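Shown next: structure27.cif, containing mmCIF, C-alpha atoms.
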data_run
loop_
_atom_site.label_atom_id
_atom_site.label_comp_id
_atom_site.auth_asym_id
_atom_site.auth_seq_id
_atom_site.Cartn_x
_atom_site.Cartn_y
_atom_site.Cartn_z
CA MET A 221 86.01 117.86 120.32
CA ASP A 222 89.19 118.56 122.33
CA ASN A 223 92.40 118.02 120.42
CA PHE A 224 90.66 118.03 117.04
CA GLY A 225 93.52 120.16 115.70
CA TYR A 226 96.01 117.36 116.40
CA LEU A 227 93.81 114.80 114.66
CA PHE A 228 93.35 117.10 111.67
CA ALA A 229 97.10 117.82 111.50
CA ALA A 230 98.01 114.12 111.63
CA TYR A 231 95.66 113.10 108.78
CA THR A 232 96.55 116.16 106.69
CA ILE A 233 100.26 115.36 106.99
CA ILE A 234 99.70 111.69 106.10
CA PHE A 235 97.82 112.54 102.89
CA ALA A 236 100.10 115.46 101.98
CA VAL A 237 103.25 113.30 102.29
CA ILE A 238 101.65 110.46 100.32
CA PHE A 239 100.45 112.85 97.59
CA LEU A 240 103.86 114.52 97.27
CA TYR A 241 105.64 111.16 97.08
CA VAL A 242 103.30 109.85 94.36
CA VAL A 243 103.67 113.08 92.32
CA PHE A 244 107.47 112.95 92.76
CA MET A 245 107.49 109.32 91.60
CA TRP A 246 105.30 109.96 88.56
CA ARG A 247 107.43 112.93 87.46
CA ARG A 248 110.59 110.86 87.83
CA GLN A 249 109.03 108.05 85.80
CA ALA A 250 107.94 110.46 83.03
CA ARG A 251 111.46 111.96 82.86
CA LEU A 252 113.05 108.50 82.66
CA GLU A 253 110.64 107.45 79.88
CA THR A 254 111.71 110.50 77.84
CA GLU A 255 115.40 109.75 78.46
CA LEU A 256 114.87 106.10 77.53
CA ARG A 257 113.20 107.00 74.21
CA ALA A 258 116.02 109.44 73.37
CA MET A 259 118.64 106.82 74.25
CA GLU A 260 116.91 104.17 72.11
CA ALA A 261 116.89 106.56 69.14
CA ARG A 262 120.60 107.40 69.61
CA LEU A 263 121.53 103.73 69.94
CA LYS A 264 119.60 102.90 66.76
CA ASP A 265 121.37 105.71 64.86
CA VAL A 266 124.82 104.56 65.99
CA ARG A 267 124.06 100.92 65.08
CA GLU A 268 122.88 101.94 61.62
CA GLU A 269 125.98 104.05 61.14
CA LEU A 270 128.16 101.10 62.14
CA LYS A 271 126.32 98.85 59.68
CA SER A 272 126.70 101.36 56.87
CA ARG A 273 130.46 101.67 57.60
CA ALA A 274 130.88 97.89 57.73
CA ALA A 275 129.03 97.25 54.44
CA PRO A 276 131.57 98.91 52.02
CA GLN A 277 134.47 97.27 53.87
CA SER A 278 132.97 93.79 53.41
CA ARG A 279 132.34 94.50 49.69
CA SER A 280 135.98 95.61 49.17
CA ALA A 281 137.22 92.51 50.99
CA GLN A 282 135.32 90.30 48.52
CA MET B 180 104.45 97.73 84.37
CA ASN B 181 101.13 96.25 83.25
CA LYS B 182 98.78 99.26 83.02
CA SER B 183 95.60 97.33 83.85
CA LEU B 184 97.23 95.88 87.01
CA ASN B 185 98.30 99.41 87.98
CA LEU B 186 94.73 100.64 87.47
CA TRP B 187 93.09 97.78 89.40
CA LEU B 188 95.49 98.07 92.30
CA GLY B 189 95.04 101.85 92.38
CA ALA B 190 91.24 101.45 92.40
CA LEU B 191 91.40 98.81 95.16
CA THR B 192 93.67 101.06 97.23
CA ALA B 193 91.34 104.06 96.79
CA LEU B 194 88.29 101.96 97.75
CA LEU B 195 89.95 100.55 100.86
CA MET B 196 91.26 103.98 101.84
CA VAL B 197 87.77 105.54 101.59
CA ALA B 198 86.35 102.65 103.67
CA ALA B 199 89.11 103.11 106.27
CA LEU B 200 88.48 106.87 106.48
CA TYR B 201 84.72 106.28 106.89
CA MET B 202 85.36 103.78 109.68
CA VAL B 203 87.89 106.02 111.45
CA PHE B 204 85.72 109.16 111.44
CA VAL B 205 82.15 107.74 111.52
CA TYR B 206 81.98 104.07 112.50
CA VAL B 207 84.47 103.55 115.32
CA PRO B 208 83.58 104.73 118.88
CA THR B 209 85.70 107.36 120.57
CA GLU B 210 88.13 105.92 123.09
CA ALA B 211 87.12 106.82 126.67
CA ASP B 212 90.53 107.88 128.08
CA GLN B 213 92.28 109.55 125.15
CA GLY B 214 89.30 110.98 123.30
CA ILE B 215 89.25 111.91 119.63
CA VAL B 216 93.04 112.03 119.25
CA GLN B 217 93.21 108.23 119.67
CA ARG B 218 91.86 107.99 116.09
CA ILE B 219 95.38 108.83 114.86
CA PHE B 220 96.27 105.24 115.79
CA TYR B 221 94.13 103.77 112.99
CA PHE B 222 96.56 105.20 110.43
CA HIS B 223 99.68 105.32 112.63
CA VAL B 224 99.75 101.55 113.27
CA PRO B 225 99.21 100.56 109.58
CA CYS B 226 102.04 102.96 108.60
CA ALA B 227 104.28 101.13 111.08
CA TRP B 228 103.18 97.70 109.78
CA VAL B 229 103.91 98.71 106.17
CA ALA B 230 107.29 100.24 107.10
CA PHE B 231 108.31 97.03 108.90
CA ALA B 232 107.13 94.87 105.98
CA ALA B 233 109.05 97.09 103.55
CA PHE B 234 112.27 96.90 105.55
CA GLY B 235 111.84 93.13 105.91
CA LEU B 236 111.52 92.96 102.13
CA VAL B 237 114.74 95.00 101.75
CA ALA B 238 116.56 92.37 103.83
CA ILE B 239 115.08 89.46 101.84
CA CYS B 240 116.00 91.17 98.55
CA GLY B 241 119.50 91.84 99.91
CA ILE B 242 119.98 88.14 100.69
CA PHE B 243 118.79 87.15 97.21
CA TYR B 244 121.02 89.79 95.57
CA LEU B 245 124.10 88.59 97.46
CA TRP B 246 123.22 84.99 96.59
CA LEU B 247 122.19 85.33 92.94
CA GLY B 248 123.72 88.68 91.91
CA GLN B 249 120.72 89.64 89.77
CA ASP B 250 119.87 93.36 89.34
CA ILE B 251 116.16 92.68 89.80
CA TRP B 252 116.66 91.95 93.54
CA ASP B 253 118.71 95.09 93.99
CA ASP B 254 116.02 97.22 92.31
CA LEU B 255 113.22 95.61 94.34
CA GLY B 256 115.15 96.16 97.60
CA TYR B 257 115.82 99.80 96.70
CA ALA B 258 112.13 100.38 95.86
CA ALA B 259 111.04 98.76 99.16
CA ALA B 260 113.54 100.85 101.18
CA GLU B 261 112.31 104.10 99.67
CA SER B 262 108.61 103.30 100.25
CA GLY B 263 109.41 102.00 103.75
CA MET B 264 111.20 105.25 104.56
CA VAL B 265 108.10 107.29 103.59
CA PHE B 266 105.90 105.21 105.91
CA CYS B 267 108.49 105.18 108.74
CA THR B 268 108.62 109.00 108.54
CA LEU B 269 104.81 109.08 108.83
CA VAL B 270 104.98 106.79 111.88
CA LEU B 271 107.37 109.16 113.66
CA VAL B 272 105.44 112.31 112.70
CA THR B 273 101.94 111.01 113.53
CA GLY B 274 103.21 109.42 116.75
CA SER B 275 104.70 112.73 117.78
CA ILE B 276 101.42 114.58 117.03
CA TRP B 277 99.53 112.02 119.16
CA ALA B 278 102.08 112.26 121.99
CA LYS B 279 101.76 116.03 122.48
CA PRO B 280 98.18 116.08 123.86
CA ILE B 281 98.46 112.67 125.60
CA TRP B 282 101.96 112.77 127.14
CA GLY B 283 102.39 116.56 127.06
CA ALA B 284 105.57 116.29 124.96
CA TRP B 285 106.27 115.88 121.24
CA TRP B 286 109.02 113.35 121.94
CA THR B 287 110.38 111.19 124.78
CA TRP B 288 113.32 108.79 124.68
CA ASP B 289 111.01 105.82 125.20
CA SER B 290 112.27 102.42 124.00
CA ARG B 291 109.66 102.12 121.20
CA LEU B 292 110.27 105.64 119.95
CA THR B 293 114.05 105.39 120.18
CA THR B 294 114.29 102.05 118.36
CA THR B 295 111.96 103.38 115.63
CA LEU B 296 114.14 106.48 115.23
CA ILE B 297 117.21 104.22 114.96
CA LEU B 298 115.42 102.24 112.24
CA TRP B 299 114.63 105.47 110.37
CA LEU B 300 118.28 106.60 110.62
CA LEU B 301 119.60 103.21 109.45
CA TYR B 302 117.45 103.19 106.31
CA GLY B 303 118.17 106.90 105.83
CA GLY B 304 121.83 105.84 105.61
CA TYR B 305 120.90 103.09 103.14
CA LEU B 306 119.12 105.60 100.87
CA MET B 307 121.99 108.11 101.14
CA LEU B 308 124.40 105.38 100.06
CA ARG B 309 122.18 104.65 97.04
CA ALA B 310 121.75 108.31 96.13
CA MET B 311 125.38 109.41 96.48
CA ALA B 312 127.25 106.44 95.02
CA ASP B 313 127.35 105.24 91.40
CA ASP B 314 125.26 102.34 90.11
CA THR B 315 127.96 99.70 90.40
CA PRO B 316 127.66 96.08 91.59
CA GLN B 317 129.99 96.93 94.49
CA VAL B 318 127.64 99.66 95.79
CA ALA B 319 124.67 97.30 95.33
CA ARG B 320 126.48 94.68 97.46
CA PHE B 321 127.25 97.25 100.20
CA ALA B 322 123.62 98.39 100.14
CA ALA B 323 122.41 94.78 100.39
CA VAL B 324 124.54 94.23 103.50
CA VAL B 325 123.34 97.52 105.08
CA GLY B 326 119.71 96.57 104.29
CA ILE B 327 120.10 93.16 105.95
CA VAL B 328 121.88 94.48 109.07
CA ALA B 329 119.39 97.37 109.51
CA ALA B 330 116.42 94.98 109.37
CA VAL B 331 117.61 93.42 112.65
CA ASP B 332 116.09 96.49 114.34
CA VAL B 333 112.56 95.65 113.06
CA PRO B 334 111.83 92.80 115.55
CA VAL B 335 113.49 94.90 118.29
CA VAL B 336 110.98 97.71 117.65
CA VAL B 337 108.05 95.25 117.66
CA VAL B 338 108.93 93.58 120.98
CA SER B 339 110.36 96.72 122.66
CA VAL B 340 107.09 97.26 124.59
CA ARG B 341 107.53 93.81 126.14
CA LEU B 342 111.30 93.94 126.69
CA TRP B 343 111.68 97.32 128.39
CA ARG B 344 109.72 99.66 130.64
CA THR B 345 107.77 101.89 128.30
CA ILE B 346 104.93 104.40 128.27
CA HIS B 347 104.03 103.60 124.66
CA PRO B 348 100.57 101.95 124.39
CA ALA B 349 100.70 98.29 123.36
CA VAL B 350 98.19 98.05 120.54
CA LEU B 351 99.20 94.78 118.90
CA VAL B 352 101.33 93.04 121.55
CA THR B 353 100.79 93.59 125.28
CA ARG B 354 102.86 92.32 128.17
CA GLN B 355 100.02 89.96 129.10
CA GLY B 356 99.62 88.77 125.50
CA GLY B 357 96.68 89.66 123.25
CA HIS B 358 96.10 93.18 121.93
CA GLY B 359 95.20 96.52 123.47
CA LEU B 360 91.94 97.16 121.57
CA GLU B 361 88.85 96.00 123.43
CA ASP B 362 85.94 97.06 121.19
CA PRO B 363 85.49 94.78 118.11
CA ARG B 364 84.71 97.89 116.01
CA MET B 365 88.16 99.25 116.85
CA VAL B 366 89.76 95.97 115.75
CA ALA B 367 87.70 95.97 112.50
CA THR B 368 88.70 99.58 111.74
CA LEU B 369 92.36 98.83 112.36
CA LEU B 370 92.21 95.75 110.09
CA VAL B 371 90.56 97.68 107.23
CA ALA B 372 93.13 100.49 107.57
CA MET B 373 95.92 97.89 107.53
CA ALA B 374 94.49 96.32 104.37
CA ALA B 375 94.26 99.79 102.75
CA PHE B 376 97.87 100.63 103.59
CA THR B 377 99.10 97.20 102.49
CA ALA B 378 97.40 97.63 99.08
CA PHE B 379 98.79 101.15 98.84
CA PHE B 380 102.30 99.94 99.66
CA VAL B 381 102.14 97.20 97.00
CA TRP B 382 100.94 99.76 94.44
CA LEU B 383 103.75 102.19 95.33
CA LEU B 384 106.30 99.39 95.32
CA ILE B 385 105.29 98.20 91.83
CA LEU B 386 105.35 101.77 90.52
CA ARG B 387 108.79 102.54 92.00
CA PHE B 388 110.17 99.15 90.96
CA ALA B 389 109.08 99.82 87.35
CA THR B 390 110.92 103.17 87.45
CA LEU B 391 114.08 101.55 88.81
CA ARG B 392 113.97 98.81 86.14
CA MET B 393 113.70 101.57 83.56
CA ARG B 394 116.74 103.31 85.08
CA THR B 395 118.73 100.04 85.02
CA ARG B 396 117.79 99.63 81.33
CA LEU B 397 118.93 103.20 80.67
CA VAL B 398 122.31 102.58 82.34
CA THR B 399 122.76 99.38 80.27
CA MET B 400 121.88 101.25 77.07
CA ALA B 401 124.31 104.07 77.93
CA ARG B 402 127.08 101.46 78.27
CA GLU B 403 126.06 99.91 74.92
CA LEU B 404 126.13 103.35 73.33
CA ASN B 405 129.63 104.01 74.63
CA LEU B 406 130.78 100.64 73.25
CA ALA B 407 129.15 101.39 69.91
CA HIS B 408 130.85 104.81 69.77
CA ALA B 409 134.17 103.16 70.64
CA ALA B 410 133.63 100.58 67.87
CA ALA B 411 132.85 103.37 65.44
CA GLY B 412 136.15 105.01 66.41
CA ASP B 413 134.57 108.16 67.81
CA PHE B 414 136.61 108.01 71.03
#

Rewrite the structure from the file as C-alpha cells, please.
Amino acid sequence: MDNFGYLFAAYTIIFAVIFLYVVFMWRRQARLETELRAMEARLKDVREELKSRAAPQSRSAQ
Amino acid sequence: MNKSLNLWLGALTALLMVAALYMVFVYVPTEADQGIVQRIFYFHVPCAWVAFAAFGLVAICGIFYLWLGQDIWDDLGYAAAESGMVFCTLVLVTGSIWAKPIWGAWWTWDSRLTTTLILWLLYGGYLMLRAMADDTPQVARFAAVVGIVAAVDVPVVVVSVRLWRTIHPAVLVTRQGGHGLEDPRMVATLLVAMAAFTAFFVWLLILRFATLRMRTRLVTMARELNLAHAAAGDF
C-alpha cells in the first residue's frame, strides 16, 4: 500500500474540483435566472408605459 | 435546457462514474512496476482526452462563429473552453501527484508536460480575454481567433511522446505504435473511465451553454430596455 496517500490525494482533488465547479455553475445559473425574471418584468412595465403614452396621442391626432 | 435531458445525462454520468471507480479500485490489477499509484492514470488520461476534445470544440466553434457570425457558436465555444480548462487543470495536478513518487519530482520540463502547460496557459489567456472584456462582437471575434490558434497545440501534445525524447509514459500512442496497457482489464477500465468523463463533459457543457445563452438573452434585453427608455424620453 505504498504511495496510497498520493492516490488518495489525486482522487480527492479530482472530485473536489469537479464538485466546486458544478456548485459554482449552478449558483451562477440561479443568479442569472433571477436577473432575467427581473429584467423581463422591467421590460414589460416600460412597454406598457410606452403604450399608455402612445394611446392618448393617437386619439388626439384623430 | 430540457430538464429531462439534464436529468438523464446526469444519471448516466453518475452511473458510469460509479462503474469507473469500482473498476479502478476493485477490478483492475495493480501495475507491477509503479504499484498502486498507477491507478491515477485511469482518471488522468480521461481528463486529458476531455480537455483536448473541449479545446478542439472551441476551435470548431470559432471557425463557425467567424464564418456565420451567430452568437450561438460564440457561447458554445466559451462553454467548451471553460470546461476544458477545468479538465486541463486536473490533468496537470493529477500528473504532478503521480510524478512525485515515480520520478521523485513534482514537475520536470518534459515535452509532454511542457506542451500541456502551454495549452493551459493559452486557454487561460482565452478565458481572461472573455472575463475582462465586454460582450461585443469584436471581442467574440478576437476570442474565436485565439481559440483556433491555441488548438494547434492539441495535436502537438498528443504526438509529443513520439516526436521528442521524453520520460512520460506512452499510454495511448507509443513509439512502436499500439498502446502502453498490456492487460485487457486495464484497457477496459480506461475505456469505462473515458466514457464516464465524456458523458460528464457533455453534461457540464450543456449546463454551461444554457447559462451563457441566458446571459446573452439578458444582454439583449438590457439593450431593448435602454432603447425603450430612450423612446419614452427618460434619457

Practice item. Check which residues satisfy the PyMOL selection byres ((chain B and resi 281) around 12) in the file shown, then give them as a list in words. Key: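 That expression, the PyMOL selection byres ((chain B and resi 281) around 12), corresponds here to Asp222, Asn223 and Tyr226 of chain A; Asp212, Gln213, Gly214, Ile215, Val216, Gln217, Ile219, Gly274, Ser275, Ile276, Trp277, Ala278, Lys279, Pro280, Trp282, Gly283, Ala284, Trp285, Trp286, Ile346, His347 and Pro348 of chain B.
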
List every residue of chain A that has an atom at most 8 Å from any atom of chain B, giving for each one its closest atom pair and the distance in Å to one decimal, counting all atoms listed in the file, sorted by chain and then by ascending residue number, as a tab-separated table.
residue	atom	partner	partner_atom	distance
A:Met221	CA	B:Ile215	CA	6.8
A:Asp222	CA	B:Ile215	CA	7.2
A:Asn223	CA	B:Val216	CA	6.1
A:Phe224	CA	B:Ile215	CA	6.8
A:Tyr226	CA	B:Ile276	CA	6.1
A:Leu227	CA	B:Val216	CA	5.4
A:Ala229	CA	B:Ile276	CA	7.7
A:Ala230	CA	B:Thr273	CA	5.4
A:Tyr231	CA	B:Ile219	CA	7.4
A:Ile233	CA	B:Leu269	CA	8.0
A:Ile234	CA	B:Leu269	CA	6.4
A:Val237	CA	B:Val265	CA	7.8
A:Ile238	CA	B:Val265	CA	7.9
A:Tyr241	CA	B:Val265	CA	8.0
A:Val242	CA	B:Leu383	CA	7.7
A:Met245	CA	B:Arg387	CA	6.9
A:Arg248	CA	B:Thr390	CA	7.7
A:Gln249	CA	B:Thr390	CA	5.5
A:Leu252	CA	B:Arg394	CA	6.8
A:Glu253	CA	B:Met393	CA	7.6
A:Glu255	CA	B:Leu397	CA	7.8
A:Leu256	CA	B:Leu397	CA	5.9
A:Met259	CA	B:Met400	CA	7.0
A:Glu260	CA	B:Met400	CA	7.6
A:Arg262	CA	B:Leu404	CA	7.8
A:Leu263	CA	B:Leu404	CA	5.7
A:Val266	CA	B:Ala407	CA	6.6
A:Arg267	CA	B:Ala407	CA	7.0
A:Leu270	CA	B:Ala411	CA	6.2

Since I can't run it myself right now, could you work out what the PyMOL selection byres ((chain B and resi 318-334) around 10) selects here and report it as a PDB file with C-alpha atoms, in the coordinates of the input?
ATOM      1  CA  ALA B 230     107.290 100.240 107.100  1.00  0.00           C
ATOM      2  CA  PHE B 231     108.310  97.030 108.900  1.00  0.00           C
ATOM      3  CA  ALA B 232     107.130  94.870 105.980  1.00  0.00           C
ATOM      4  CA  ALA B 233     109.050  97.090 103.550  1.00  0.00           C
ATOM      5  CA  PHE B 234     112.270  96.900 105.550  1.00  0.00           C
ATOM      6  CA  GLY B 235     111.840  93.130 105.910  1.00  0.00           C
ATOM      7  CA  LEU B 236     111.520  92.960 102.130  1.00  0.00           C
ATOM      8  CA  VAL B 237     114.740  95.000 101.750  1.00  0.00           C
ATOM      9  CA  ALA B 238     116.560  92.370 103.830  1.00  0.00           C
ATOM     10  CA  ILE B 239     115.080  89.460 101.840  1.00  0.00           C
ATOM     11  CA  CYS B 240     116.000  91.170  98.550  1.00  0.00           C
ATOM     12  CA  GLY B 241     119.500  91.840  99.910  1.00  0.00           C
ATOM     13  CA  ILE B 242     119.980  88.140 100.690  1.00  0.00           C
ATOM     14  CA  PHE B 243     118.790  87.150  97.210  1.00  0.00           C
ATOM     15  CA  TYR B 244     121.020  89.790  95.570  1.00  0.00           C
ATOM     16  CA  LEU B 245     124.100  88.590  97.460  1.00  0.00           C
ATOM     17  CA  GLY B 248     123.720  88.680  91.910  1.00  0.00           C
ATOM     18  CA  ASP B 250     119.870  93.360  89.340  1.00  0.00           C
ATOM     19  CA  TRP B 252     116.660  91.950  93.540  1.00  0.00           C
ATOM     20  CA  ASP B 253     118.710  95.090  93.990  1.00  0.00           C
ATOM     21  CA  ASP B 254     116.020  97.220  92.310  1.00  0.00           C
ATOM     22  CA  GLY B 256     115.150  96.160  97.600  1.00  0.00           C
ATOM     23  CA  TYR B 257     115.820  99.800  96.700  1.00  0.00           C
ATOM     24  CA  ALA B 260     113.540 100.850 101.180  1.00  0.00           C
ATOM     25  CA  THR B 294     114.290 102.050 118.360  1.00  0.00           C
ATOM     26  CA  THR B 295     111.960 103.380 115.630  1.00  0.00           C
ATOM     27  CA  ILE B 297     117.210 104.220 114.960  1.00  0.00           C
ATOM     28  CA  LEU B 298     115.420 102.240 112.240  1.00  0.00           C
ATOM     29  CA  TRP B 299     114.630 105.470 110.370  1.00  0.00           C
ATOM     30  CA  LEU B 300     118.280 106.600 110.620  1.00  0.00           C
ATOM     31  CA  LEU B 301     119.600 103.210 109.450  1.00  0.00           C
ATOM     32  CA  TYR B 302     117.450 103.190 106.310  1.00  0.00           C
ATOM     33  CA  GLY B 304     121.830 105.840 105.610  1.00  0.00           C
ATOM     34  CA  TYR B 305     120.900 103.090 103.140  1.00  0.00           C
ATOM     35  CA  LEU B 306     119.120 105.600 100.870  1.00  0.00           C
ATOM     36  CA  MET B 307     121.990 108.110 101.140  1.00  0.00           C
ATOM     37  CA  LEU B 308     124.400 105.380 100.060  1.00  0.00           C
ATOM     38  CA  ARG B 309     122.180 104.650  97.040  1.00  0.00           C
ATOM     39  CA  ALA B 312     127.250 106.440  95.020  1.00  0.00           C
ATOM     40  CA  ASP B 313     127.350 105.240  91.400  1.00  0.00           C
ATOM     41  CA  ASP B 314     125.260 102.340  90.110  1.00  0.00           C
ATOM     42  CA  THR B 315     127.960  99.700  90.400  1.00  0.00           C
ATOM     43  CA  PRO B 316     127.660  96.080  91.590  1.00  0.00           C
ATOM     44  CA  GLN B 317     129.990  96.930  94.490  1.00  0.00           C
ATOM     45  CA  VAL B 335     113.490  94.900 118.290  1.00  0.00           C
ATOM     46  CA  VAL B 336     110.980  97.710 117.650  1.00  0.00           C
ATOM     47  CA  VAL B 337     108.050  95.250 117.660  1.00  0.00           C
ATOM     48  CA  VAL B 338     108.930  93.580 120.980  1.00  0.00           C
ATOM     49  CA  SER B 339     110.360  96.720 122.660  1.00  0.00           C
TER      50      SER B 339
END

Padded axis-aligned box of stretch 221-230 of chain B (4 Å per side), centre and edge lengths, Å, one decimal, as JSON:
{"center_x": 100.7, "center_y": 101.5, "center_z": 109.7, "size_x": 21.2, "size_y": 15.6, "size_z": 15.1}

**Study point:** Distance of atom CA of B:Trp228 from atom CA of B:Thr395, expressed in Å to one decimal place
**Key:** 29.3 Å

Point to revise | Distance criterion (all atoms listed in the file): nearest to B:Ala375 out of B:Leu195, B:Pro208, B:Asn181, B:Gly189 | key: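 Using all atoms listed in the file, the shortest distance to B:Ala375 belongs to B:Leu195.
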
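Here atom CA of A:Arg251 and atom CA of B:Lys182 stand 17.9 Å from one another.
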
Review point. Near B:Leu370, counting only C-alpha atoms, which residues have an atom at most 10 Å away, once you skip same-chain residues fewer than 6 positions from it, shown as an MDAnalysis selection string?
Key: chainID B and resid 199 221 225 364 376

Practice item. Grab the atom CA of B:Leu271 to atom CA of B:Thr293 distance for me, in Å with one decimal place. Key: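 Result for atom CA of B:Leu271 versus atom CA of B:Thr293: 10.1 Å, one decimal.
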